[in-house]
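**Q** Input structure: final.cif, which contains mmCIF, C-alpha atoms.
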data_data
loop_
_atom_site.label_atom_id
_atom_site.label_comp_id
_atom_site.auth_asym_id
_atom_site.auth_seq_id
_atom_site.Cartn_x
_atom_site.Cartn_y
_atom_site.Cartn_z
CA MET X 1 75.97 -118.45 48.80
CA THR X 2 73.74 -116.45 51.12
CA ALA X 3 71.71 -113.51 49.90
CA ASP X 4 73.90 -111.16 51.97
CA GLN X 5 77.03 -112.52 50.30
CA ALA X 6 75.47 -112.20 46.87
CA VAL X 7 74.40 -108.56 47.18
CA ALA X 8 77.82 -107.70 48.62
CA MET X 9 79.12 -108.40 45.11
CA ILE X 10 77.14 -105.43 43.74
CA PRO X 11 79.48 -102.42 43.76
CA ASP X 12 78.63 -98.87 44.74
CA GLY X 13 77.42 -97.05 41.62
CA ALA X 14 76.00 -100.20 40.00
CA LYS X 15 72.98 -100.13 37.72
CA VAL X 16 70.78 -103.08 38.64
CA ALA X 17 67.95 -104.51 36.55
CA MET X 18 65.29 -106.03 38.81
CA SER X 19 62.98 -108.61 37.30
CA LEU X 20 59.37 -107.47 37.15
CA GLY X 21 56.27 -108.86 38.86
CA ALA X 22 56.54 -112.43 40.10
CA GLY X 23 60.17 -112.57 38.99
CA ALA X 24 61.38 -110.13 41.65
CA PRO X 25 63.69 -112.09 44.02
CA PRO X 26 62.54 -111.51 47.64
CA ALA X 27 65.63 -112.80 49.49
CA LEU X 28 67.99 -110.72 47.34
CA LEU X 29 65.81 -107.63 47.64
CA ASP X 30 65.61 -107.95 51.42
CA ALA X 31 69.38 -108.40 51.61
CA LEU X 32 70.04 -105.41 49.36
CA ALA X 33 67.72 -103.25 51.47
CA ALA X 34 69.50 -104.39 54.64
CA ARG X 35 72.84 -103.49 53.09
CA ALA X 36 71.56 -100.04 52.13
CA ARG X 37 70.39 -99.43 55.70
CA ALA X 38 73.85 -100.35 56.96
CA GLU X 39 75.71 -98.33 54.29
CA PRO X 40 74.05 -94.91 54.00
CA THR X 41 76.59 -93.61 51.48
CA ILE X 42 76.04 -96.18 48.73
CA ARG X 43 74.24 -95.22 45.53
CA ILE X 44 72.78 -98.03 43.41
CA GLY X 45 70.26 -97.53 40.63
CA ILE X 46 67.33 -99.98 40.50
CA TYR X 47 65.81 -100.28 37.00
CA TYR X 48 62.57 -102.17 36.58
CA MET X 49 58.93 -102.39 35.50
CA LEU X 50 55.80 -103.23 37.46
CA SER X 51 57.05 -103.60 41.01
CA THR X 52 55.05 -105.42 43.66
CA ALA X 53 54.84 -105.39 47.45
CA VAL X 54 57.98 -107.56 47.50
CA ALA X 55 60.03 -104.60 46.29
CA GLY X 56 57.85 -102.03 48.05
CA ARG X 57 58.78 -103.35 51.48
CA SER X 58 62.49 -103.68 50.66
CA VAL X 59 64.49 -101.86 47.98
CA LEU X 60 61.69 -99.37 47.26
CA ASP X 61 61.25 -98.40 50.89
CA ALA X 62 60.96 -94.60 50.84
CA ALA X 63 63.65 -94.32 53.53
CA LEU X 64 66.17 -95.92 51.15
CA ASN X 65 65.38 -94.04 47.94
CA ASP X 66 68.43 -91.82 48.30
CA ARG X 67 70.65 -94.95 48.26
CA LEU X 68 68.69 -97.42 46.19
CA ILE X 69 67.43 -95.08 43.51
CA PRO X 70 64.26 -96.27 41.76
CA MET X 71 64.16 -95.90 37.97
CA SER X 72 60.78 -97.13 36.76
CA TYR X 73 59.69 -98.06 33.25
CA PHE X 74 56.13 -98.70 34.46
CA HIS X 75 54.55 -97.47 37.68
CA SER X 76 52.43 -99.68 39.91
CA GLY X 77 50.68 -99.00 43.20
CA VAL X 78 54.08 -98.99 44.91
CA GLU X 79 55.31 -95.95 42.98
CA ARG X 80 51.95 -94.21 43.23
CA ALA X 81 52.07 -94.59 47.02
CA LEU X 82 55.61 -93.24 47.12
CA ASP X 83 54.63 -90.25 45.00
CA LYS X 84 51.59 -89.55 47.17
CA ALA X 85 53.69 -89.65 50.34
CA ARG X 86 56.16 -87.19 48.83
CA ALA X 87 53.56 -84.77 47.50
CA ALA X 88 53.74 -82.59 50.61
CA THR X 89 57.53 -82.56 50.68
CA ASP X 90 60.35 -81.46 48.44
CA ALA X 91 61.33 -85.08 47.73
CA PRO X 92 61.26 -85.97 44.03
CA TRP X 93 58.69 -88.34 42.64
CA VAL X 94 59.85 -91.75 41.43
CA ASP X 95 61.46 -91.04 38.09
CA LEU X 96 60.15 -92.69 34.92
CA LEU X 97 61.95 -93.81 31.78
CA PRO X 98 59.40 -93.46 28.96
CA SER X 99 59.66 -96.45 26.61
CA HIS X 100 57.61 -98.92 24.66
CA PHE X 101 57.88 -102.34 26.32
CA SER X 102 59.45 -103.80 23.18
CA GLN X 103 62.31 -101.29 23.47
CA VAL X 104 63.07 -101.79 27.17
CA PRO X 105 65.76 -104.49 26.60
CA ARG X 106 67.74 -102.20 24.29
CA SER X 107 67.15 -99.25 26.60
CA LEU X 108 68.57 -101.17 29.58
CA VAL X 109 71.52 -102.73 27.81
CA GLU X 110 72.55 -100.02 25.35
CA HIS X 111 71.31 -96.69 26.65
CA VAL X 112 71.21 -97.11 30.44
CA GLY X 113 74.10 -99.56 30.54
CA VAL X 114 72.84 -101.80 33.34
CA ASP X 115 75.57 -104.05 34.69
CA THR X 116 73.68 -106.38 37.05
CA LEU X 117 70.58 -108.59 36.90
CA ILE X 118 68.73 -109.85 39.96
CA ALA X 119 65.93 -112.31 39.22
CA THR X 120 64.07 -115.36 40.45
CA VAL X 121 64.56 -118.52 38.39
CA ALA X 122 63.41 -122.13 38.39
CA PRO X 123 65.86 -124.86 39.55
CA MET X 124 68.58 -125.87 37.10
CA ASP X 125 67.50 -128.33 34.42
CA SER X 126 69.37 -131.37 33.14
CA ASP X 127 71.23 -129.22 30.61
CA GLY X 128 72.62 -126.94 33.32
CA CYS X 129 70.29 -123.99 32.62
CA PHE X 130 67.93 -121.90 34.72
CA SER X 131 64.52 -120.89 33.33
CA LEU X 132 63.33 -117.35 33.95
CA GLY X 133 59.86 -118.88 34.21
CA THR X 134 57.21 -116.20 34.56
CA ASN X 135 59.51 -113.39 33.48
CA THR X 136 61.60 -113.61 30.32
CA ASP X 137 60.65 -110.04 29.22
CA TYR X 138 63.76 -107.80 29.53
CA ALA X 139 65.64 -110.05 31.97
CA LEU X 140 67.03 -112.34 29.28
CA ALA X 141 68.59 -109.45 27.35
CA VAL X 142 70.42 -108.29 30.49
CA ALA X 143 71.51 -111.86 31.25
CA ARG X 144 73.06 -112.07 27.77
CA LYS X 145 74.92 -108.78 28.01
CA PRO X 146 78.68 -109.48 27.89
CA GLY X 147 80.25 -108.88 31.29
CA ALA X 148 76.95 -108.48 33.13
CA ARG X 149 76.77 -109.56 36.76
CA ILE X 150 74.03 -112.23 36.98
CA ILE X 151 72.72 -112.90 40.48
CA LEU X 152 69.90 -115.44 40.60
CA GLU X 153 67.54 -116.57 43.32
CA VAL X 154 66.60 -120.21 42.73
CA ASN X 155 63.04 -120.93 43.82
CA ARG X 156 61.38 -124.34 43.45
CA GLN X 157 58.01 -122.61 43.14
CA MET X 158 59.05 -120.76 39.98
CA PRO X 159 57.78 -122.68 36.94
CA HIS X 160 60.16 -123.98 34.30
CA VAL X 161 58.68 -122.65 31.05
CA ARG X 162 59.52 -123.69 27.52
CA GLY X 163 60.62 -121.30 24.80
CA ASP X 164 63.58 -118.91 24.90
CA SER X 165 64.11 -118.18 28.59
CA LEU X 166 67.25 -120.02 29.70
CA ILE X 167 70.36 -118.76 31.47
CA PRO X 168 73.27 -121.23 31.49
CA LEU X 169 75.12 -121.90 34.73
CA SER X 170 78.33 -120.73 33.05
CA ALA X 171 76.91 -117.18 32.79
CA VAL X 172 75.92 -116.91 36.46
CA THR X 173 77.87 -114.82 38.97
CA ALA X 174 76.08 -115.95 42.13
CA LEU X 175 73.26 -118.26 43.19
CA VAL X 176 70.99 -118.01 46.19
CA GLU X 177 68.41 -120.63 47.12
CA ASN X 178 65.08 -119.48 48.53
CA ASP X 179 61.87 -121.45 48.24
CA ALA X 180 59.06 -118.94 48.71
CA PRO X 181 55.54 -118.55 47.32
CA LEU X 182 55.43 -116.40 44.19
CA ILE X 183 53.43 -113.25 44.45
CA GLU X 184 49.93 -113.82 43.07
CA LEU X 185 47.53 -111.48 41.34
CA PRO X 186 43.94 -112.23 42.34
CA ALA X 187 41.21 -111.76 39.78
CA ALA X 188 39.73 -108.27 39.89
CA PRO X 189 35.98 -108.23 40.60
CA ARG X 190 33.98 -107.62 37.42
CA SER X 191 31.14 -105.14 37.23
CA GLU X 192 28.12 -105.09 34.92
CA THR X 193 29.92 -102.40 32.94
CA ASP X 194 32.95 -104.64 32.50
CA ASP X 195 30.73 -107.47 31.28
CA ARG X 196 28.89 -105.18 28.85
CA ILE X 197 32.15 -103.93 27.35
CA GLY X 198 33.54 -107.47 27.29
CA ALA X 199 30.50 -108.69 25.35
CA LEU X 200 30.84 -105.85 22.82
CA ILE X 201 34.48 -106.72 22.26
CA ALA X 202 33.85 -110.47 22.06
CA GLU X 203 31.47 -109.79 19.17
CA LEU X 204 34.42 -108.37 17.23
CA VAL X 205 36.49 -111.52 17.64
CA ASP X 206 36.13 -114.10 14.87
CA ASP X 207 36.91 -117.79 15.27
CA GLY X 208 40.60 -118.32 14.50
CA ALA X 209 41.67 -114.85 15.73
CA CYS X 210 44.94 -114.38 17.64
CA LEU X 211 44.55 -112.62 21.00
CA GLN X 212 46.47 -110.12 23.07
CA MET X 213 44.89 -109.12 26.37
CA GLY X 214 45.96 -106.74 29.07
CA ILE X 215 45.44 -106.92 32.81
CA GLY X 216 42.34 -106.41 34.94
CA ALA X 217 38.60 -106.90 35.05
CA LEU X 218 37.93 -105.72 31.49
CA PRO X 219 40.22 -108.27 29.77
CA ASP X 220 38.82 -110.96 32.06
CA ALA X 221 35.34 -109.98 30.91
CA VAL X 222 36.42 -110.28 27.29
CA CYS X 223 37.82 -113.76 27.96
CA ALA X 224 34.53 -114.74 29.59
CA GLY X 225 32.74 -113.63 26.43
CA LEU X 226 34.90 -115.88 24.24
CA VAL X 227 34.08 -119.26 25.79
CA HIS X 228 32.03 -120.36 22.76
CA HIS X 229 34.66 -119.36 20.19
CA ARG X 230 36.89 -121.87 18.43
CA ASN X 231 40.45 -122.15 17.11
CA LEU X 232 41.68 -118.99 18.81
CA GLY X 233 45.37 -118.26 19.20
CA ILE X 234 47.38 -116.35 21.79
CA HIS X 235 50.35 -114.04 21.20
CA THR X 236 50.37 -111.71 24.20
CA GLU X 237 52.84 -109.85 26.38
CA MET X 238 51.09 -111.07 29.54
CA MET X 239 49.71 -114.54 30.22
CA THR X 240 46.73 -114.18 32.54
CA ASN X 241 44.30 -116.43 34.38
CA GLY X 242 41.60 -115.60 31.83
CA LEU X 243 43.74 -116.56 28.85
CA ALA X 244 44.89 -119.76 30.55
CA ARG X 245 41.27 -120.74 31.13
CA LEU X 246 40.58 -120.35 27.41
CA ILE X 247 43.45 -122.73 26.65
CA MET X 248 42.25 -125.27 29.22
CA ALA X 249 38.70 -125.05 27.83
CA GLY X 250 39.90 -125.90 24.33
CA VAL X 251 38.83 -122.50 22.96
CA VAL X 252 42.49 -121.74 22.17
CA ASP X 253 44.42 -124.25 20.08
CA ASN X 254 46.67 -121.88 18.07
CA SER X 255 45.94 -123.90 14.95
CA ARG X 256 45.58 -120.88 12.67
CA LYS X 257 48.68 -118.93 13.70
CA GLN X 258 51.37 -118.23 11.12
CA ILE X 259 54.20 -117.75 13.63
CA HIS X 260 54.59 -120.04 16.64
CA PRO X 261 51.72 -122.24 15.42
CA GLY X 262 50.31 -124.66 17.96
CA VAL X 263 51.57 -122.79 21.03
CA SER X 264 50.45 -119.82 23.13
CA VAL X 265 53.21 -117.22 23.38
CA PHE X 266 53.85 -114.67 26.14
CA THR X 267 56.74 -112.69 27.63
CA PHE X 268 55.62 -112.55 31.28
CA ALA X 269 52.93 -114.21 33.35
CA MET X 270 51.15 -112.98 36.43
CA GLY X 271 48.13 -114.51 38.11
CA ASP X 272 47.29 -117.16 40.68
CA ARG X 273 49.10 -120.37 41.61
CA ALA X 274 46.91 -122.34 39.22
CA LEU X 275 48.29 -120.24 36.36
CA TYR X 276 51.89 -120.87 37.43
CA ASP X 277 51.22 -124.60 37.67
CA PHE X 278 49.56 -124.57 34.24
CA ILE X 279 52.55 -123.02 32.44
CA THR X 280 55.08 -125.31 34.16
CA ASP X 281 56.79 -127.36 31.42
CA ASN X 282 53.59 -127.18 29.38
CA PRO X 283 54.28 -127.93 25.68
CA ALA X 284 51.28 -125.78 24.70
CA VAL X 285 52.86 -122.62 26.16
CA GLU X 286 56.15 -120.85 25.36
CA THR X 287 57.81 -117.67 26.57
CA TYR X 288 60.10 -115.34 24.60
CA PRO X 289 61.88 -112.02 25.24
CA VAL X 290 59.75 -108.91 24.97
CA ASP X 291 61.71 -107.50 22.04
CA HIS X 292 60.42 -110.52 20.11
CA VAL X 293 56.91 -110.90 21.51
CA ASN X 294 56.07 -107.18 21.38
CA ASN X 295 57.83 -106.43 18.10
CA PRO X 296 55.04 -105.09 15.86
CA ASP X 297 56.55 -106.82 12.82
CA ILE X 298 56.45 -110.16 14.66
CA ILE X 299 52.91 -109.54 15.94
CA ALA X 300 51.74 -108.75 12.41
CA ARG X 301 53.00 -112.06 11.04
CA ASN X 302 49.90 -113.67 12.53
CA ASP X 303 46.63 -112.98 10.73
CA ASN X 304 43.53 -111.62 12.47
CA VAL X 305 45.29 -110.35 15.58
CA VAL X 306 42.91 -108.75 18.08
CA SER X 307 44.57 -106.62 20.74
CA VAL X 308 42.64 -105.26 23.72
CA ASN X 309 44.13 -102.48 25.82
CA ALA X 310 42.74 -99.98 28.30
CA THR X 311 43.03 -96.22 28.49
CA THR X 312 42.35 -93.57 31.09
CA GLN X 313 41.36 -90.83 28.62
CA ILE X 314 40.62 -90.46 24.93
CA ASP X 315 40.16 -87.11 23.24
CA LEU X 316 37.75 -86.27 20.45
CA ASN X 317 40.51 -86.75 17.87
CA GLY X 318 41.13 -90.32 19.06
CA ALA X 319 44.40 -89.75 20.91
CA CYS X 320 44.76 -91.76 24.14
CA ASN X 321 46.33 -90.92 27.48
CA SER X 322 46.73 -94.34 29.07
CA GLU X 323 49.22 -93.53 31.81
CA PHE X 324 48.58 -90.20 33.56
CA VAL X 325 45.87 -89.55 36.19
CA GLY X 326 45.31 -86.50 38.35
CA GLY X 327 48.41 -84.74 37.10
CA ARG X 328 50.75 -87.60 37.96
CA GLN X 329 52.22 -90.69 36.40
CA PHE X 330 49.84 -93.59 37.08
CA SER X 331 51.34 -96.40 34.99
CA ALA X 332 53.23 -96.02 31.68
CA THR X 333 53.11 -96.88 27.99
CA GLY X 334 53.95 -100.54 28.52
CA GLY X 335 53.13 -102.63 25.46
CA GLN X 336 50.02 -100.74 24.38
CA VAL X 337 51.52 -99.05 21.34
CA ASP X 338 53.45 -102.20 20.37
CA PHE X 339 50.19 -104.11 20.02
CA VAL X 340 48.13 -101.21 18.65
CA ARG X 341 50.59 -101.10 15.76
CA GLY X 342 51.14 -104.82 15.41
CA ALA X 343 47.46 -105.73 15.47
CA TYR X 344 46.53 -103.17 12.85
CA MET X 345 49.45 -104.28 10.66
CA SER X 346 48.13 -107.84 10.86
CA ARG X 347 46.00 -109.00 7.93
CA GLY X 348 42.43 -108.68 9.18
CA GLY X 349 43.68 -107.40 12.54
CA LYS X 350 41.79 -105.21 14.99
CA SER X 351 43.30 -102.94 17.63
CA ILE X 352 40.80 -102.19 20.39
CA ILE X 353 41.03 -99.51 23.08
CA ALA X 354 38.51 -100.11 25.87
CA CYS X 355 37.41 -98.08 28.87
CA HIS X 356 34.47 -97.29 31.07
CA SER X 357 32.79 -94.12 29.84
CA THR X 358 33.35 -92.41 33.22
CA ALA X 359 35.71 -92.35 36.18
CA ALA X 360 35.54 -91.09 39.78
CA GLY X 361 32.15 -92.64 40.41
CA GLY X 362 30.61 -91.16 37.28
CA LYS X 363 31.80 -87.61 37.94
CA VAL X 364 34.41 -87.50 35.17
CA SER X 365 34.12 -88.43 31.51
CA ARG X 366 36.94 -90.54 30.08
CA ILE X 367 36.11 -89.15 26.64
CA VAL X 368 37.34 -85.56 26.72
CA ALA X 369 37.89 -82.59 24.45
CA SER X 370 41.57 -82.39 25.35
CA LEU X 371 43.87 -84.79 27.19
CA THR X 372 45.27 -83.85 30.61
CA GLY X 373 48.33 -86.07 30.24
CA PRO X 374 50.78 -87.32 27.64
CA VAL X 375 49.68 -88.95 24.40
CA THR X 376 50.29 -92.68 24.76
CA THR X 377 48.60 -93.79 21.53
CA LEU X 378 48.51 -91.30 18.68
CA ARG X 379 45.21 -90.40 17.07
CA ASN X 380 46.59 -91.76 13.79
CA GLU X 381 46.95 -95.22 15.34
CA THR X 382 43.74 -95.64 17.31
CA HIS X 383 41.44 -98.12 15.58
CA ILE X 384 38.33 -99.23 17.53
CA VAL X 385 37.21 -97.63 20.81
CA VAL X 386 34.72 -99.44 23.05
CA THR X 387 32.78 -98.22 26.08
CA GLU X 388 29.66 -99.69 27.65
CA PHE X 389 27.65 -97.46 25.29
CA GLY X 390 28.99 -98.91 22.07
CA ARG X 391 31.87 -99.10 19.61
CA ALA X 392 33.53 -96.42 17.47
CA ASP X 393 35.71 -97.47 14.54
CA LEU X 394 37.90 -94.43 13.89
CA LYS X 395 39.73 -95.65 10.81
CA GLY X 396 38.67 -93.85 7.64
CA LYS X 397 36.89 -91.12 9.60
CA THR X 398 37.55 -87.38 9.46
CA LEU X 399 38.10 -85.38 12.63
CA ALA X 400 34.45 -84.33 12.61
CA GLN X 401 33.29 -87.92 12.10
CA ARG X 402 35.59 -89.12 14.88
CA ALA X 403 34.23 -86.52 17.29
CA GLU X 404 30.66 -87.53 16.48
CA ALA X 405 31.43 -91.24 16.87
CA LEU X 406 33.19 -90.76 20.21
CA ILE X 407 30.50 -88.48 21.62
CA ALA X 408 27.96 -91.17 20.71
CA ILE X 409 29.69 -93.71 22.98
CA ALA X 410 30.38 -91.25 25.81
CA HIS X 411 28.17 -91.32 28.89
CA PRO X 412 24.88 -89.51 28.14
CA ASP X 413 25.49 -87.09 31.02
CA PHE X 414 28.51 -85.66 29.19
CA ARG X 415 27.46 -85.74 25.55
CA GLU X 416 26.00 -82.24 25.43
CA ASP X 417 29.12 -80.68 26.98
CA LEU X 418 31.38 -82.68 24.66
CA ALA X 419 29.43 -81.51 21.63
CA ARG X 420 29.71 -77.91 22.81
CA GLU X 421 33.47 -78.29 23.28
CA ALA X 422 33.80 -79.97 19.89
CA HIS X 423 32.16 -76.95 18.28
CA ALA X 424 34.47 -74.60 20.19
CA LEU X 425 37.44 -76.57 18.89
CA ARG X 426 35.98 -76.38 15.37
CA LEU X 427 35.81 -80.15 15.17
CA LEU X 428 32.07 -79.88 14.52
CA ARG X 429 30.22 -77.26 12.46
CA GLY X 430 26.76 -75.84 12.68
#
Using structure tokens, write down the structure that the file contains.
**A**
Amino acid sequence: MTADQAVAMIPDGAKVAMSLGAGAPPALLDALAARARAEPTIRIGIYYMLSTAVAGRSVLDAALNDRLIPMSYFHSGVERALDKARAATDAPWVDLLPSHFSQVPRSLVEHVGVDTLIATVAPMDSDGCFSLGTNTDYALAVARKPGARIILEVNRQMPHVRGDSLIPLSAVTALVENDAPLIELPAAPRSETDDRIGALIAELVDDGACLQMGIGALPDAVCAGLVHHRNLGIHTEMMTNGLARLIMAGVVDNSRKQIHPGVSVFTFAMGDRALYDFITDNPAVETYPVDHVNNPDIIARNDNVVSVNATTQIDLNGACNSEFVGGRQFSATGGQVDFVRGAYMSRGGKSIIACHSTAAGGKVSRIVASLTGPVTTLRNETHIVVTEFGRADLKGKTLAQRAEALIAIAHPDFREDLAREAHALRLLRG
């Protein structure tokens, strides 16, 4: 049917799960936005993570937020722009549902009670199933909820990916066909600081380790530093261009993994067209739901897991604020804590938190006496912290030892002030 016909099947008061990133269905989103413009009294909740410009120009249009109500599990630039535009008004900011990524499927199905899924899928295979392609994550859990309304946008440019990502035709409520380029995420330009941090982290990675990498220039720099490693594995929430290049270069063969041996595992992929082509029906790559991939117990079944995640602030105790900037929600918890826990639980595993030592052009230290936002990763769980000035392994260290180690890798311009504040907080004596 047409996209207009499909979204007409969504009732007033519905709770709709929108696939994240490249899985967001543009024709359905445009049609739903058009319906909201024509029906000013409807109220439909839109639940999602990591929106892109596809949603920003349609269902997340600020003019429609009283009808299509955004409920975000992870803010992107779209939500930050909406919040900035509303700062001078009485309009509420985009609301956030705090959750670890691994818990989002249960949150949507059990606690929120979503009743509709809208997602982009690859064309039906010979068994009569549609692959969620780049985005298994939470979408598969909603698709398997009894009685859920499943509205799919079939796109020939969406890759068919192996693993556990299939929705049978018998479960589908409506199909819309729309061949359109998937949204791409260009590589972020790397700085000398990124490369320095990447090199420091790469030194911590042994041959045969199993990798989880986040998004951005820093993880790309780490991947660049691993090109001479051997027998690496991948078990990551996000498949990136950098990780795919390691597979293509033969650096990753997954030969030493204990779970999913021989294949690279992810729950969503976002990158350039070359990445999407690479994961298409590739037997070396499999996708699984996020409550499997990000489950710390599953992560820990592989030995020597190395997780690399970024933070916006870390205090002198080792607690991390990885989601709040300038008094507002900037991103969210995502899968950081899932992999911080899973990597450290892994035999020989290392959980790494990485950041530039400063922000705002060098005016602000990322290592601080006290956080100015929520605690994303508890001080008890932080393992290794890396800035361009070195590494600090916090495990087995007292509060005083932690403060000393973190001050030593802070930017030199801020070390004296941090030491003074540490004394005021009685973290340091003398």
**Q** For the PyMOL selection byres ((chain X and resi 250-260) around 6), applied here, can you spell out every residue it catches as a list of chain:residue names?
**A**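 Listing what the PyMOL selection byres ((chain X and resi 250-260) around 6) selects in the shown file: X:Gly208, X:His229, X:Arg230, X:Asn231, X:Leu232, X:Gly233, X:Leu246, X:Ile247, X:Met248, X:Ala249, X:Pro261, X:Gly262, X:Val263, X:Asn302.
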**Q** Got a sec to resolve the PyMOL selection byres ((chain X and resi 288) around 10) on this structure and send the residues as a list in words?
**A**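 This file gives the following for the PyMOL selection byres ((chain X and resi 288) around 10): Asn135, Thr136, Asp137, Tyr138, Leu140, Val161, Arg162, Gly163, Asp164, Ser165, Leu166, Glu237, Val265, Phe266, Thr267, Phe268, Glu286, Thr287, Pro289, Val290, Asp291, His292, Val293 and Asn294 of chain X.
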**Q** Would you work out the distance separating CA of Ala354 in chain X from CA of Glu184 in chain X, expressed in Å to one decimal?
**A**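 Going from CA of Ala354 in chain X over to CA of Glu184 in chain X, I get 24.8 Å.
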**Q** Report as a list of chain:residue names the residues that result from applying the PyMOL selection byres ((chain X and resi 168) around 7) to the structure here.
**A**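 That expression, the PyMOL selection byres ((chain X and resi 168) around 7), corresponds here to X:Gly128, X:Cys129, X:Phe130, X:Leu166, X:Ile167, X:Leu169, X:Ser170, X:Ala171.
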**Q** In terms of the shortest atom-to-atom distance over all atoms listed in the file, which of X:Thr376, X:Gln157, X:Ser58, X:Gln313 is closest to Arg35 in chain X?
**A**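 The answer is X:Ser58, which sits nearest to Arg35 in chain X.
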**Q** To one decimal place in Å, what is the distance between CA of Leu82 in chain X and CA of Arg366 in chain X?
**A**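 Interatomic distance, CA of Leu82 in chain X to CA of Arg366 in chain X: 25.4 Å.
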**Q** How far is it from CA of Arg391 in chain X to CA of Ile201 in chain X, in Å with one decimal?
**A**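 Separating CA of Arg391 in chain X from CA of Ile201 in chain X is a distance of 8.5 Å.
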**Q** X:Leu96, X:Val375, X:Ala53, X:Val154: which is nearest Leu185 in chain X, counting all atoms listed in the file?
**A**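 Ranking X:Leu96, X:Val375, X:Ala53, X:Val154 by distance to Leu185 in chain X, first place goes to X:Ala53.
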**Q** Please provide as number ranges by chain all residues within 9 Å of Gly318 in chain X, with the sequence filter that same-chain residues fewer than 4 positions apart are discarded (counting all atoms listed in the file).
**A** X: 314, 377-383, 385, 394, 399, 402-403, 406
**Q** Between X:Ala319, X:Met158, X:Ala269, X:Ile299, which has the minimum distance to Asn178 in chain X (counting all atoms listed in the file)?
**A**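 Selected residue with least distance to Asn178 in chain X: X:Met158.
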**Q** Give the answer as one residue: which of X:Arg273, X:His75, X:Arg57, X:Lys15 has the shortest atom-to-atom distance to Ile44 in chain X, using all atoms listed in the file?
**A**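 Ranking X:Arg273, X:His75, X:Arg57, X:Lys15 by distance to Ile44 in chain X, first place goes to X:Lys15.
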**Q** Tell me which of X:Ala199, X:Met18, X:Leu32, X:Ile384 sits closest to Thr120 in chain X, counting all atoms listed in the file.
**A**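 Of X:Ala199, X:Met18, X:Leu32, X:Ile384, the one nearest Thr120 in chain X, counting all atoms listed in the file, is X:Met18.
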**Q** Env of Ala122 in chain X: 7 Å cut, atoms = all atoms listed in the file, seq-sep filter 4 positions within chain, self excluded. Answer as JSON, numbers by chain.
**A** {"X": [130, 131, 132, 133, 154, 155, 156, 158, 159, 160]}
**Q** Select all residues near (76.9, -116.0, 42.8) (cut-off 7 Å, inclusive, file coordinates), counting only C-alpha atoms, and output them as a PyMOL selection string.
**A** chain X and resi 1+6+151+172-175
**Q** When you count all atoms listed in the file, which of these residues is closest to Ala392 in chain X: X:Ser191, X:Thr358, X:Gln336, X:Ser351?
**A**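 Looking only at the distances to Ala392 in chain X, the closest residue turns out to be X:Ser351.
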